[in-house]
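As provided, upload_24.cif (mmCIF, N, CA and C atoms) reads as follows.
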data_run
loop_
_atom_site.label_atom_id
_atom_site.label_comp_id
_atom_site.auth_asym_id
_atom_site.auth_seq_id
_atom_site.Cartn_x
_atom_site.Cartn_y
_atom_site.Cartn_z
N MET A 26 6.91 -6.78 25.27
CA MET A 26 5.70 -6.00 25.33
C MET A 26 5.52 -5.14 24.08
N ALA A 27 6.59 -4.50 23.60
CA ALA A 27 6.50 -3.67 22.41
C ALA A 27 6.06 -4.48 21.19
N LYS A 28 6.52 -5.74 21.12
CA LYS A 28 6.12 -6.59 20.00
C LYS A 28 4.62 -6.86 20.04
N ASP A 29 4.10 -7.06 21.26
CA ASP A 29 2.65 -7.29 21.41
C ASP A 29 1.86 -6.06 20.99
N ILE A 30 2.31 -4.89 21.43
CA ILE A 30 1.65 -3.63 21.06
C ILE A 30 1.68 -3.46 19.55
N ASN A 31 2.86 -3.67 18.98
CA ASN A 31 3.04 -3.54 17.54
C ASN A 31 2.10 -4.48 16.79
N TYR A 32 2.02 -5.71 17.24
CA TYR A 32 1.15 -6.71 16.60
C TYR A 32 -0.32 -6.28 16.66
N ILE A 33 -0.75 -5.83 17.82
CA ILE A 33 -2.14 -5.40 17.99
C ILE A 33 -2.45 -4.19 17.12
N LEU A 34 -1.53 -3.23 17.07
CA LEU A 34 -1.72 -2.06 16.20
C LEU A 34 -1.86 -2.46 14.74
N LYS A 35 -0.98 -3.32 14.30
CA LYS A 35 -1.03 -3.77 12.92
C LYS A 35 -2.34 -4.50 12.62
N LYS A 36 -2.81 -5.26 13.59
CA LYS A 36 -4.08 -5.98 13.43
C LYS A 36 -5.25 -4.99 13.31
N ILE A 37 -5.26 -3.95 14.13
CA ILE A 37 -6.31 -2.92 14.07
C ILE A 37 -6.28 -2.23 12.70
N LEU A 38 -5.09 -1.86 12.25
CA LEU A 38 -4.96 -1.15 10.97
C LEU A 38 -5.24 -2.05 9.79
N LEU A 39 -4.86 -3.31 9.87
CA LEU A 39 -5.13 -4.27 8.80
C LEU A 39 -6.63 -4.43 8.61
N LYS A 40 -7.35 -4.49 9.72
CA LYS A 40 -8.81 -4.63 9.66
C LYS A 40 -9.44 -3.45 8.90
N LYS A 41 -8.86 -2.27 9.04
CA LYS A 41 -9.41 -1.09 8.40
C LYS A 41 -8.91 -0.88 6.97
N THR A 42 -7.67 -1.29 6.69
CA THR A 42 -7.08 -1.03 5.38
C THR A 42 -7.13 -2.22 4.43
N LYS A 43 -7.19 -3.41 4.99
CA LYS A 43 -7.13 -4.65 4.21
C LYS A 43 -5.80 -4.78 3.47
N LYS A 44 -4.76 -4.11 3.99
CA LYS A 44 -3.42 -4.16 3.40
C LYS A 44 -2.42 -4.56 4.47
N LYS A 45 -1.33 -5.19 4.05
CA LYS A 45 -0.27 -5.54 4.98
C LYS A 45 0.38 -4.26 5.50
N ILE A 46 0.58 -4.21 6.80
CA ILE A 46 1.09 -3.01 7.45
C ILE A 46 2.54 -3.24 7.88
N LYS A 47 3.41 -2.28 7.54
CA LYS A 47 4.82 -2.34 7.96
C LYS A 47 5.05 -1.35 9.09
N ASP A 48 6.18 -1.47 9.77
CA ASP A 48 6.49 -0.60 10.91
C ASP A 48 6.60 0.87 10.53
N ASN A 49 6.92 1.16 9.28
CA ASN A 49 7.07 2.56 8.86
C ASN A 49 5.76 3.13 8.28
N PHE A 50 4.66 2.41 8.42
CA PHE A 50 3.36 2.84 7.91
C PHE A 50 2.85 4.02 8.74
N ILE A 51 2.57 5.13 8.08
CA ILE A 51 2.01 6.33 8.73
C ILE A 51 0.56 6.41 8.30
N PHE A 52 -0.34 5.94 9.16
CA PHE A 52 -1.73 5.78 8.73
C PHE A 52 -2.42 7.09 8.43
N VAL A 53 -2.06 8.17 9.11
CA VAL A 53 -2.70 9.46 8.86
C VAL A 53 -2.36 9.97 7.46
N ARG A 54 -1.12 9.78 7.04
CA ARG A 54 -0.68 10.26 5.72
C ARG A 54 -0.91 9.26 4.59
N SER A 55 -1.35 8.08 4.92
CA SER A 55 -1.46 7.02 3.92
C SER A 55 -2.49 7.31 2.84
N GLY A 56 -3.45 8.17 3.14
CA GLY A 56 -4.52 8.44 2.18
C GLY A 56 -5.62 7.39 2.23
N LEU A 57 -5.46 6.39 3.09
CA LEU A 57 -6.44 5.33 3.21
C LEU A 57 -7.51 5.66 4.26
N PHE A 58 -7.29 6.72 5.02
CA PHE A 58 -8.19 7.10 6.10
C PHE A 58 -8.68 8.53 5.91
N ASP A 59 -9.97 8.74 6.13
CA ASP A 59 -10.45 10.12 6.21
C ASP A 59 -10.42 10.52 7.69
N SER A 60 -10.83 11.72 8.00
CA SER A 60 -10.71 12.21 9.38
C SER A 60 -11.53 11.37 10.36
N ILE A 61 -12.69 10.91 9.94
CA ILE A 61 -13.52 10.06 10.81
C ILE A 61 -12.83 8.72 11.06
N ASP A 62 -12.22 8.15 10.03
CA ASP A 62 -11.48 6.89 10.18
C ASP A 62 -10.33 7.05 11.18
N ILE A 63 -9.65 8.19 11.09
CA ILE A 63 -8.53 8.45 12.00
C ILE A 63 -9.02 8.52 13.44
N LEU A 64 -10.10 9.26 13.66
CA LEU A 64 -10.67 9.37 15.01
C LEU A 64 -11.14 8.01 15.53
N ASN A 65 -11.79 7.25 14.68
CA ASN A 65 -12.26 5.92 15.07
C ASN A 65 -11.08 4.99 15.40
N THR A 66 -10.03 5.08 14.63
CA THR A 66 -8.85 4.25 14.86
C THR A 66 -8.18 4.62 16.18
N ILE A 67 -8.04 5.91 16.43
CA ILE A 67 -7.46 6.36 17.70
C ILE A 67 -8.32 5.90 18.87
N SER A 68 -9.61 6.02 18.71
CA SER A 68 -10.54 5.58 19.75
C SER A 68 -10.42 4.08 20.01
N GLU A 69 -10.31 3.31 18.94
CA GLU A 69 -10.16 1.86 19.07
C GLU A 69 -8.85 1.50 19.78
N ILE A 70 -7.78 2.22 19.45
CA ILE A 70 -6.49 1.99 20.10
C ILE A 70 -6.60 2.30 21.59
N GLU A 71 -7.22 3.44 21.93
CA GLU A 71 -7.40 3.81 23.33
C GLU A 71 -8.20 2.75 24.08
N SER A 72 -9.25 2.30 23.46
CA SER A 72 -10.11 1.30 24.08
C SER A 72 -9.38 -0.03 24.27
N LYS A 73 -8.69 -0.46 23.25
CA LYS A 73 -7.99 -1.75 23.29
C LYS A 73 -6.92 -1.78 24.38
N PHE A 74 -6.19 -0.67 24.53
CA PHE A 74 -5.09 -0.62 25.50
C PHE A 74 -5.49 0.03 26.82
N LYS A 75 -6.76 0.48 26.91
CA LYS A 75 -7.27 1.13 28.12
C LYS A 75 -6.41 2.32 28.52
N ILE A 76 -6.17 3.18 27.53
CA ILE A 76 -5.38 4.40 27.73
C ILE A 76 -6.17 5.58 27.18
N LYS A 77 -5.69 6.78 27.43
CA LYS A 77 -6.30 7.98 26.87
C LYS A 77 -5.18 8.88 26.38
N PHE A 78 -5.22 9.21 25.10
CA PHE A 78 -4.23 10.13 24.55
C PHE A 78 -4.64 11.56 24.86
N SER A 79 -3.67 12.38 25.18
CA SER A 79 -3.94 13.80 25.40
C SER A 79 -3.84 14.53 24.05
N GLU A 80 -4.27 15.75 24.05
CA GLU A 80 -4.14 16.57 22.84
C GLU A 80 -2.67 16.71 22.47
N LYS A 81 -1.82 16.86 23.48
CA LYS A 81 -0.37 16.98 23.25
C LYS A 81 0.18 15.70 22.59
N ASP A 82 -0.29 14.54 23.08
CA ASP A 82 0.16 13.26 22.51
C ASP A 82 -0.12 13.19 21.02
N LEU A 83 -1.26 13.71 20.63
CA LEU A 83 -1.71 13.59 19.24
C LEU A 83 -1.37 14.78 18.37
N SER A 84 -0.69 15.77 18.94
CA SER A 84 -0.41 17.00 18.18
C SER A 84 0.44 16.76 16.94
N ASN A 85 1.22 15.71 16.93
CA ASN A 85 2.09 15.43 15.78
C ASN A 85 1.77 14.07 15.16
N ILE A 86 0.55 13.61 15.34
CA ILE A 86 0.20 12.26 14.89
C ILE A 86 0.34 12.08 13.38
N LYS A 87 0.24 13.14 12.62
CA LYS A 87 0.36 13.00 11.17
C LYS A 87 1.72 12.46 10.75
N ASN A 88 2.71 12.53 11.65
CA ASN A 88 4.05 12.02 11.36
C ASN A 88 4.36 10.72 12.07
N PHE A 89 3.40 10.16 12.79
CA PHE A 89 3.64 8.96 13.57
C PHE A 89 3.53 7.70 12.71
N ASP A 90 4.57 6.89 12.78
CA ASP A 90 4.50 5.57 12.16
C ASP A 90 4.15 4.57 13.27
N ILE A 91 4.09 3.31 12.92
CA ILE A 91 3.72 2.28 13.88
C ILE A 91 4.68 2.27 15.07
N LYS A 92 5.96 2.45 14.80
CA LYS A 92 6.95 2.44 15.89
C LYS A 92 6.69 3.56 16.89
N LYS A 93 6.41 4.76 16.40
CA LYS A 93 6.18 5.90 17.30
C LYS A 93 4.89 5.73 18.09
N ILE A 94 3.87 5.20 17.46
CA ILE A 94 2.61 4.97 18.18
C ILE A 94 2.83 3.89 19.24
N THR A 95 3.59 2.86 18.91
CA THR A 95 3.91 1.81 19.87
C THR A 95 4.63 2.40 21.08
N GLN A 96 5.60 3.27 20.85
CA GLN A 96 6.33 3.92 21.95
C GLN A 96 5.39 4.77 22.80
N LEU A 97 4.49 5.49 22.17
CA LEU A 97 3.55 6.32 22.90
C LEU A 97 2.63 5.47 23.78
N ILE A 98 2.14 4.38 23.23
CA ILE A 98 1.27 3.48 23.99
C ILE A 98 2.05 2.88 25.17
N LYS A 99 3.28 2.48 24.91
CA LYS A 99 4.12 1.89 25.96
C LYS A 99 4.30 2.86 27.13
N LYS A 100 4.47 4.14 26.82
CA LYS A 100 4.61 5.17 27.87
C LYS A 100 3.32 5.30 28.68
N LYS A 101 2.19 5.12 28.02
CA LYS A 101 0.89 5.29 28.68
C LYS A 101 0.51 4.11 29.57
N LEU A 102 1.09 2.95 29.27
CA LEU A 102 0.72 1.76 30.05
C LEU A 102 1.41 1.71 31.39
#
Show me this structure written as structure tokens.
Amino acid sequence: MAKDINYILKKILLKKTKKKIKDNFIFVRSGLFDSIDILNTISEIESKFKIKFSEKDLSNIKNFDIKKITQLIKKKL
């Protein structure tokens, strides 16, 4: 299941960045996203996985790489 989540996340981010995404990619810090892009990406992730992140979940998102986001999604499912 984690591999599926990871694959879907990378696909979402690839669509927005047009760059190959690795597991240690931190999209908030990458400089490839402005604040609107970040919100849109989070919204797309929530929609795709039918989950809702809380404010607490996202309080440290600037340090989240693909692995940490995958773990967070897995907890929500």
Legend entry - Selection result for the PyMOL selection byres (((chain A and resi 41 and name CA) around 12) and name CA) on this file, as number ranges by chain: A: 34-40, 42-46, 52, 57-59, 62-63, 65-66, 69
Inset, instruction - Apply the PyMOL selection byres ((chain A and resi 51) around 6.5) to the displayed file and report the matching residues as a ChimeraX atom specification. - result: /A:48-50,52-55,87-91
Inset, instruction - Find, counting only N, CA and C atoms, the residue in A:Lys75, A:Lys47, A:Thr95, A:Lys101 that gets nearest to Ile30 of chain A. - result: A:Thr95
Inset, instruction - Have a look at atom C of Asp29 of chain A and atom N of Ser60 of chain A and let me know their distance in Å, one decimal. - result: 25.4 Å
Inset, instruction - To one decimal in Å, tell me the separation between atom C of Ile94 of chain A and atom N of Asn31 of chain A. - result: 7.6 Å
Inset, instruction - Might you pull out every residue within 8 Å of Ile76 of chain A, with all atoms listed in the file counted and same-chain residues fewer than 3 positions away left off, and present them as a ChimeraX atom specification? - result: /A:70-73,79,98,101-102
Inset, instruction - Quick one: pull the distance between atom N of Leu97 of chain A and atom CA of Leu83 of chain A, Å, one decimal. - result: 10.6 Å
Legend entry - In chain A, DSSP alpha helix (DSSP H) residues written as JSON, numbers by chain: {"A": [27, 28, 29, 30, 31, 32, 33, 34, 35, 36, 37, 38, 39, 40, 41, 42, 60, 61, 62, 63, 64, 65, 66, 67, 68, 69, 70, 71, 72, 73, 74, 80, 81, 82, 83, 91, 92, 93, 94, 95, 96, 97, 98, 99, 100, 101]}
Kindly compute an axis-aligned box around the listed atoms of segment 48-67 of chain A, allowing 4 Å on each side, and express its centre and edge lengths in Å to one decimal as AutoDock Vina command-line options.
--center_x -3.2 --center_y 5.4 --center_z 10.5 --size_x 28.6 --size_y 21.7 --size_z 24.7
